[in-house]
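As provided, work38.cif (mmCIF, C-alpha atoms and all ligand atoms) reads as follows.
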```cif
data_model
#
loop_
_atom_site.group_PDB
_atom_site.id
_atom_site.type_symbol
_atom_site.label_atom_id
_atom_site.label_comp_id
_atom_site.auth_asym_id
_atom_site.auth_seq_id
_atom_site.Cartn_x
_atom_site.Cartn_y
_atom_site.Cartn_z
ATOM 1 C CA MET A 26 17.275 -0.456 -7.936
ATOM 2 C CA LYS A 27 19.522 2.572 -7.700
ATOM 3 C CA PRO A 28 22.616 2.316 -5.469
ATOM 4 C CA PRO A 29 22.072 3.590 -1.903
ATOM 5 C CA ILE A 30 23.055 7.249 -2.169
ATOM 6 C CA CYS A 31 21.141 9.726 -0.010
ATOM 7 C CA CYS A 32 19.048 11.942 -2.254
ATOM 8 C CA ILE A 33 19.448 14.909 0.115
ATOM 9 C CA CYS A 34 23.196 14.915 0.880
ATOM 10 C CA HIS A 35 24.352 12.628 -1.969
ATOM 11 C CA ARG A 36 26.414 10.493 0.387
ATOM 12 C CA GLY A 37 26.703 6.767 -0.374
ATOM 13 C CA PHE A 38 25.902 4.502 2.588
ATOM 14 C CA ASP A 39 25.350 0.878 3.572
ATOM 15 C CA PRO A 40 21.595 0.306 4.045
ATOM 16 C CA ASP A 41 22.308 -2.745 6.221
ATOM 17 C CA LYS A 42 23.838 -0.346 8.786
ATOM 18 C CA GLU A 43 21.903 2.917 8.426
ATOM 19 C CA GLY A 44 19.242 4.772 6.504
ATOM 20 C CA GLY A 45 17.121 3.051 3.922
ATOM 21 C CA LEU A 46 14.543 3.304 1.185
ATOM 22 C CA VAL A 47 11.532 5.584 1.721
ATOM 23 C CA TRP A 48 8.378 4.861 -0.284
ATOM 24 C CA PHE A 49 6.168 7.830 -1.113
ATOM 25 C CA ALA A 50 2.490 8.017 -2.042
ATOM 26 C CA LYS A 51 1.901 6.804 -5.585
ATOM 27 C CA ARG A 52 1.017 9.143 -8.431
ATOM 28 C CA THR A 53 -1.025 7.885 -11.395
ATOM 29 C CA SER A 54 2.231 7.398 -13.306
ATOM 30 C CA ASP A 55 3.596 5.296 -10.428
ATOM 31 C CA ILE A 56 0.565 2.999 -10.508
ATOM 32 C CA GLU A 57 1.121 2.646 -14.254
ATOM 33 C CA TRP A 58 4.799 1.872 -13.609
ATOM 34 C CA ASP A 59 3.792 -0.881 -11.138
ATOM 35 C CA ARG A 60 1.431 -2.380 -13.707
ATOM 36 C CA TRP A 61 4.110 -2.268 -16.408
ATOM 37 C CA ILE A 62 6.655 -4.016 -14.133
ATOM 38 C CA GLU A 63 4.090 -6.666 -13.262
ATOM 39 C CA GLU A 64 3.154 -7.253 -16.904
ATOM 40 C CA THR A 65 6.667 -7.293 -18.335
ATOM 41 C CA GLY A 66 8.518 -8.858 -15.396
ATOM 42 C CA ASP A 67 11.049 -6.063 -15.871
ATOM 43 C CA THR A 68 12.953 -4.605 -12.939
ATOM 44 C CA GLY A 69 13.941 -1.057 -12.173
ATOM 45 C CA HIS A 70 14.070 1.549 -9.487
ATOM 46 C CA PRO A 71 10.533 2.455 -8.391
ATOM 47 C CA PRO A 72 9.925 6.108 -9.339
ATOM 48 C CA TYR A 73 8.170 6.709 -6.014
ATOM 49 C CA ALA A 74 10.995 5.508 -3.743
ATOM 50 C CA ASP A 75 14.390 6.942 -2.871
ATOM 51 C CA TRP A 76 17.337 6.344 -0.567
ATOM 52 C CA TYR A 77 18.016 8.379 2.585
ATOM 53 C CA CYS A 78 20.967 8.184 4.954
ATOM 54 C CA ALA A 79 20.592 8.004 8.753
ATOM 55 C CA ALA A 80 20.704 11.811 9.023
ATOM 56 C CA HIS A 81 17.823 12.338 6.585
ATOM 57 C CA ILE A 82 15.584 9.280 6.727
ATOM 58 C CA GLU A 83 13.385 10.658 9.547
ATOM 59 C CA GLN A 84 12.737 13.830 7.557
ATOM 60 C CA ALA A 85 11.913 11.784 4.452
ATOM 61 C CA HIS A 86 9.635 9.426 6.397
ATOM 62 C CA SER A 87 7.709 12.393 7.766
ATOM 63 C CA LEU A 88 6.848 13.349 4.160
ATOM 64 C CA SER A 89 6.133 9.850 2.837
ATOM 65 C CA HIS A 90 2.373 10.439 2.899
ATOM 66 C CA LEU A 91 3.006 12.903 0.024
ATOM 67 C CA THR A 92 3.891 12.013 -3.543
ATOM 68 C CA ILE A 93 7.610 12.095 -4.286
ATOM 69 C CA ASP A 94 7.178 15.350 -6.269
ATOM 70 C CA ALA A 95 5.493 17.079 -3.325
ATOM 71 C CA ALA A 96 8.037 15.657 -0.860
ATOM 72 C CA PHE A 97 10.966 16.833 -3.007
ATOM 73 C CA ALA A 98 9.446 20.312 -3.176
ATOM 74 C CA ARG A 99 9.188 20.368 0.653
ATOM 75 C CA LEU A 100 12.794 19.186 0.932
ATOM 76 C CA GLY A 101 13.940 21.864 -1.516
ATOM 77 C CA LEU A 102 15.132 19.255 -4.006
ATOM 78 C CA THR A 103 13.303 20.491 -7.082
HETATM 79 ZN ZN ZN A 201 21.651 12.261 3.777
#
```
Transcribe the structure of this file into structure tokens.
Amino acid sequence: MKPPICCICHRGFDPDKEGGLVWFAKRTSDIEWDRWIEETGDTGHPPYADWYCAAHIEQAHSLSHLTIDAAFARLGLT
């Protein structure tokens, strides 16, 4: 898992106190990633999840029905 740094403002934060991980809709490649993790027992940061600070988590949550690519485009992150 990546360290908790907001992917909008790039500020590090403590997820026990604010913000958190937002999970987006899975793309085909994300389903394949899940399968690979399950089969290999490997760990890693899910490609369809990212950290958001308290200031940005609501905005990210409102886009979590989209894939992470589509959400990033809406957030102007691409
Ligand atoms: Zn932020």
*To one decimal place, how far is atom CA of A:Arg52 from atom CA of A:Cys78 in Å?*
24.0 Å
Against ligand ZN 201 (chain A), which residues of chain A fall within 6 Å? For each one I want the closest pair of atoms and the distance in Å (one decimal), counting only C-alpha atoms and all ligand atoms, rows by chain and increasing residue number, as a Markdown table.
```
| residue | atom | partner | partner_atom | distance |
| --- | --- | --- | --- | --- |
| A:Cys31 | CA | A:ZN201 | ZN | 4.6 |
| A:Ile33 | CA | A:ZN201 | ZN | 5.0 |
| A:Cys34 | CA | A:ZN201 | ZN | 4.2 |
| A:Tyr77 | CA | A:ZN201 | ZN | 5.5 |
| A:Cys78 | CA | A:ZN201 | ZN | 4.3 |
| A:Ala80 | CA | A:ZN201 | ZN | 5.3 |
| A:His81 | CA | A:ZN201 | ZN | 4.7 |
```
_Residue members of the PyMOL selection byres (((chain A and resi 69-71) around 12) and not hetatm) in the file shown, as a PyMOL selection string_ = chain A and resi 26-29+46-52+54-63+65-68+72-76+93
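Put simply, atom CA of A:His35 is 11.5 Å away from atom CA of A:Leu102.
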*On this file, the PyMOL selection byres (((chain A and resi 96-100) around 10) and not hetatm) gives some set of residues; write that set as an MDAnalysis selection string.*
chainID A and resid 32:33 49:50 84:95 101:103
Rebuild N, CA and C atoms on stretch 32-58 of chain A, as a short mmCIF file (atom, residue, chain, number, x, y, z; two decimals), in the frame of the given file?
```cif
data_model
loop_
_atom_site.label_atom_id
_atom_site.label_comp_id
_atom_site.auth_asym_id
_atom_site.auth_seq_id
_atom_site.Cartn_x
_atom_site.Cartn_y
_atom_site.Cartn_z
N CYS A 32 19.45 10.96 -1.24
CA CYS A 32 19.05 11.94 -2.25
C CYS A 32 19.05 13.36 -1.71
N ILE A 33 19.31 13.55 -0.42
CA ILE A 33 19.45 14.91 0.12
C ILE A 33 20.92 15.33 0.14
N CYS A 34 21.78 14.50 0.73
CA CYS A 34 23.20 14.92 0.88
C CYS A 34 24.13 14.21 -0.11
N HIS A 35 23.59 13.31 -0.92
CA HIS A 35 24.35 12.63 -1.97
C HIS A 35 25.52 11.79 -1.43
N ARG A 36 25.38 11.33 -0.20
CA ARG A 36 26.41 10.49 0.39
C ARG A 36 26.00 9.03 0.19
N GLY A 37 26.95 8.20 -0.26
CA GLY A 37 26.70 6.77 -0.37
C GLY A 37 26.75 6.15 1.01
N PHE A 38 25.91 5.14 1.26
CA PHE A 38 25.90 4.50 2.59
C PHE A 38 25.50 3.04 2.46
N ASP A 39 25.69 2.30 3.54
CA ASP A 39 25.35 0.88 3.57
C ASP A 39 23.98 0.71 4.25
N PRO A 40 22.95 0.38 3.47
CA PRO A 40 21.60 0.31 4.04
C PRO A 40 21.42 -0.82 5.07
N ASP A 41 22.38 -1.73 5.16
CA ASP A 41 22.31 -2.74 6.22
C ASP A 41 22.67 -2.13 7.58
N LYS A 42 23.35 -0.97 7.55
CA LYS A 42 23.84 -0.35 8.79
C LYS A 42 23.09 0.93 9.15
N GLU A 43 22.57 1.64 8.16
CA GLU A 43 21.90 2.92 8.43
C GLU A 43 20.98 3.27 7.28
N GLY A 44 20.10 4.23 7.54
CA GLY A 44 19.24 4.77 6.50
C GLY A 44 18.39 3.71 5.84
N GLY A 45 17.92 4.02 4.65
CA GLY A 45 17.12 3.05 3.92
C GLY A 45 16.28 3.70 2.85
N LEU A 46 15.41 2.87 2.27
CA LEU A 46 14.54 3.30 1.18
C LEU A 46 13.25 3.86 1.77
N VAL A 47 12.82 5.01 1.29
CA VAL A 47 11.53 5.58 1.72
C VAL A 47 10.59 5.55 0.52
N TRP A 48 9.39 5.00 0.77
CA TRP A 48 8.38 4.86 -0.28
C TRP A 48 7.36 5.98 -0.11
N PHE A 49 7.12 6.72 -1.16
CA PHE A 49 6.17 7.83 -1.11
C PHE A 49 4.82 7.41 -1.69
N ALA A 50 3.83 8.28 -1.50
CA ALA A 50 2.49 8.02 -2.04
C ALA A 50 2.59 7.92 -3.57
N LYS A 51 1.81 7.03 -4.14
CA LYS A 51 1.90 6.80 -5.58
C LYS A 51 1.08 7.81 -6.39
N ARG A 52 1.72 8.33 -7.44
CA ARG A 52 1.02 9.14 -8.43
C ARG A 52 0.41 8.20 -9.46
N THR A 53 -0.43 8.72 -10.34
CA THR A 53 -1.02 7.88 -11.40
C THR A 53 0.08 7.20 -12.20
N SER A 54 1.13 7.95 -12.50
CA SER A 54 2.23 7.40 -13.31
C SER A 54 2.96 6.28 -12.56
N ASP A 55 2.95 6.34 -11.22
CA ASP A 55 3.60 5.30 -10.43
C ASP A 55 2.77 4.01 -10.44
N ILE A 56 1.45 4.17 -10.43
CA ILE A 56 0.56 3.00 -10.51
C ILE A 56 0.74 2.34 -11.88
N GLU A 57 0.87 3.17 -12.91
CA GLU A 57 1.12 2.65 -14.25
C GLU A 57 2.47 1.94 -14.32
N TRP A 58 3.47 2.49 -13.65
CA TRP A 58 4.80 1.87 -13.61
C TRP A 58 4.71 0.49 -12.96
#
```
